[in-house]
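Single-structure report; data block below.
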Amino acid sequence: MESLLRSLTGQDPNPDDYRNIDFWSDPERSGWLTKQGDYIKTWRRRWFVLKQGKLVWFKDRNVTRGSIPRGAIPVGKCLTVKGAEDVLNKPYAFELSTSQETMFFIADSEKEKEEWINSIGRSIVQQSRSVTDSEVVDYDSTRC
């Protein structure tokens, strides 16, 4: 029933959002975060994995090759990641924003929050570099 509800509300991630990512091995970062639901604004604890420019999450920690993420965020579409304790009035909160939405998360400690913000921030920069590297112009070589 829950999977039917998720499909009807559009909460199931598109497989293209996580295809070709071995999220079950050697992630850049993984751990528990509490995430606010997209439609029903309840807080749920989920296992998050950051790898290859994608932030994916699962219901439990036992992530295998056959696991299907509960959601996926292409980090390259994110504009900012920053603390959000003042917005939510909750300790260890942070937000991740795209041009269309802002998602809220709560870590288990200040240290965990900072580590997630730093890891996601690095991934945002890496993803933006991979796009712009092909667009970089070497001005020294274009002089007349």
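By order in the structure tokens, chains are A, B, ...; within a chain, residues start at 1; ligands start at 1, following the order shown.
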
Practice problem: Can you list, as a VMD selection string, all residues belonging to stretch 3-91 of chain A that DSSP tags as alpha helix (DSSP H)? | Solution: chain A and resid 3 to 8 85 to 88

For the residues in the current selection, export all heavy atoms as a short mmCIF file (atom, residue, chain, number, x, y, z; two decimals), in the first residue's frame.
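result_9.cif was written with the following content:
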```cif
data_model
loop_
_atom_site.label_atom_id
_atom_site.label_comp_id
_atom_site.auth_asym_id
_atom_site.auth_seq_id
_atom_site.Cartn_x
_atom_site.Cartn_y
_atom_site.Cartn_z
N SER A 3 3.90 1.62 -1.15
CA SER A 3 4.54 1.86 -2.45
C SER A 3 3.54 2.41 -3.47
O SER A 3 3.92 3.21 -4.32
CB SER A 3 5.20 0.58 -2.97
OG SER A 3 4.23 -0.42 -3.18
N LEU A 4 2.29 2.00 -3.38
CA LEU A 4 1.27 2.55 -4.27
C LEU A 4 1.06 4.04 -3.99
O LEU A 4 1.02 4.86 -4.91
CB LEU A 4 -0.05 1.80 -4.09
CG LEU A 4 -1.24 2.34 -4.89
CD1 LEU A 4 -0.96 2.24 -6.39
CD2 LEU A 4 -2.51 1.58 -4.53
N LEU A 5 0.98 4.39 -2.72
CA LEU A 5 0.83 5.80 -2.33
C LEU A 5 2.03 6.61 -2.80
O LEU A 5 1.88 7.70 -3.35
CB LEU A 5 0.66 5.93 -0.82
CG LEU A 5 0.53 7.35 -0.28
CD1 LEU A 5 -0.73 8.02 -0.83
CD2 LEU A 5 0.49 7.33 1.23
N ARG A 6 3.24 6.05 -2.64
CA ARG A 6 4.44 6.76 -3.09
C ARG A 6 4.42 6.97 -4.60
O ARG A 6 4.79 8.03 -5.09
CB ARG A 6 5.70 5.99 -2.68
CG ARG A 6 5.94 5.99 -1.18
CD ARG A 6 7.11 5.10 -0.81
NE ARG A 6 8.33 5.46 -1.49
CZ ARG A 6 9.07 6.52 -1.21
NH1 ARG A 6 8.72 7.34 -0.26
NH2 ARG A 6 10.17 6.76 -1.88
N SER A 7 3.95 5.98 -5.35
CA SER A 7 3.88 6.12 -6.81
C SER A 7 2.85 7.17 -7.21
O SER A 7 3.09 7.98 -8.10
CB SER A 7 3.50 4.79 -7.45
OG SER A 7 4.53 3.85 -7.26
N LEU A 8 1.71 7.15 -6.56
CA LEU A 8 0.65 8.10 -6.90
C LEU A 8 1.03 9.54 -6.57
O LEU A 8 0.62 10.47 -7.26
CB LEU A 8 -0.65 7.74 -6.16
CG LEU A 8 -1.32 6.44 -6.63
CD1 LEU A 8 -2.50 6.10 -5.72
CD2 LEU A 8 -1.76 6.54 -8.07
N GLU A 85 19.06 25.79 11.73
CA GLU A 85 18.49 25.74 13.08
C GLU A 85 17.53 26.88 13.33
O GLU A 85 16.48 26.70 13.94
CB GLU A 85 19.60 25.79 14.15
CG GLU A 85 20.43 24.55 14.26
CD GLU A 85 21.73 24.64 13.47
OE1 GLU A 85 21.88 25.53 12.62
OE2 GLU A 85 22.60 23.81 13.73
N ASP A 86 17.87 28.06 12.83
CA ASP A 86 17.02 29.23 13.04
C ASP A 86 15.72 29.15 12.25
O ASP A 86 14.69 29.66 12.67
CB ASP A 86 17.77 30.52 12.71
CG ASP A 86 18.39 30.51 11.32
OD1 ASP A 86 18.55 29.42 10.73
OD2 ASP A 86 18.71 31.60 10.82
N VAL A 87 15.73 28.46 11.11
CA VAL A 87 14.53 28.31 10.28
C VAL A 87 13.56 27.31 10.92
O VAL A 87 12.37 27.57 11.02
CB VAL A 87 14.89 27.86 8.85
CG1 VAL A 87 13.65 27.60 8.02
CG2 VAL A 87 15.78 28.88 8.16
N LEU A 88 14.10 26.18 11.36
CA LEU A 88 13.27 25.10 11.90
C LEU A 88 13.12 25.15 13.42
O LEU A 88 12.27 24.46 13.97
CB LEU A 88 13.84 23.75 11.51
CG LEU A 88 13.86 23.41 10.04
CD1 LEU A 88 14.52 22.06 9.82
CD2 LEU A 88 12.45 23.40 9.46
#
```

Show me a table, sorted first by chain and then by increasing residue number, of the residues of stretch 14-67 of chain A having an atom at most 9 Å from stretch 89-109 of chain A, each with its shortest atom pair and the distance in Å to one decimal, counting only C-alpha atoms and written as CSV.
```
residue,atom,partner,partner_atom,distance
A:Trp32,CA,A:Ala107,CA,7.3
A:Leu33,CA,A:Ala107,CA,5.0
A:Thr34,CA,A:Ile106,CA,4.9
A:Lys35,CA,A:Phe105,CA,4.6
A:Gln36,CA,A:Phe104,CA,5.9
A:Gly37,CA,A:Met103,CA,8.7
A:Asp38,CA,A:Met103,CA,8.0
A:Trp43,CA,A:Phe105,CA,8.7
A:Arg45,CA,A:Ile106,CA,8.9
```

Quiz prompt | DSSP strand (DSSP E) selection over stretch 86-118 of chain A, as a ChimeraX atom specification | solution = /A:93-98,102-106

Self-check item: Surrounding residues of stretch 73-82 of chain A excluding itself and chain neighbours under 4 positions, 10 Å, only C-alpha atoms, as a ChimeraX atom specification
Solution: /A:13,17-18,50-57,93-104,113-114,116-131
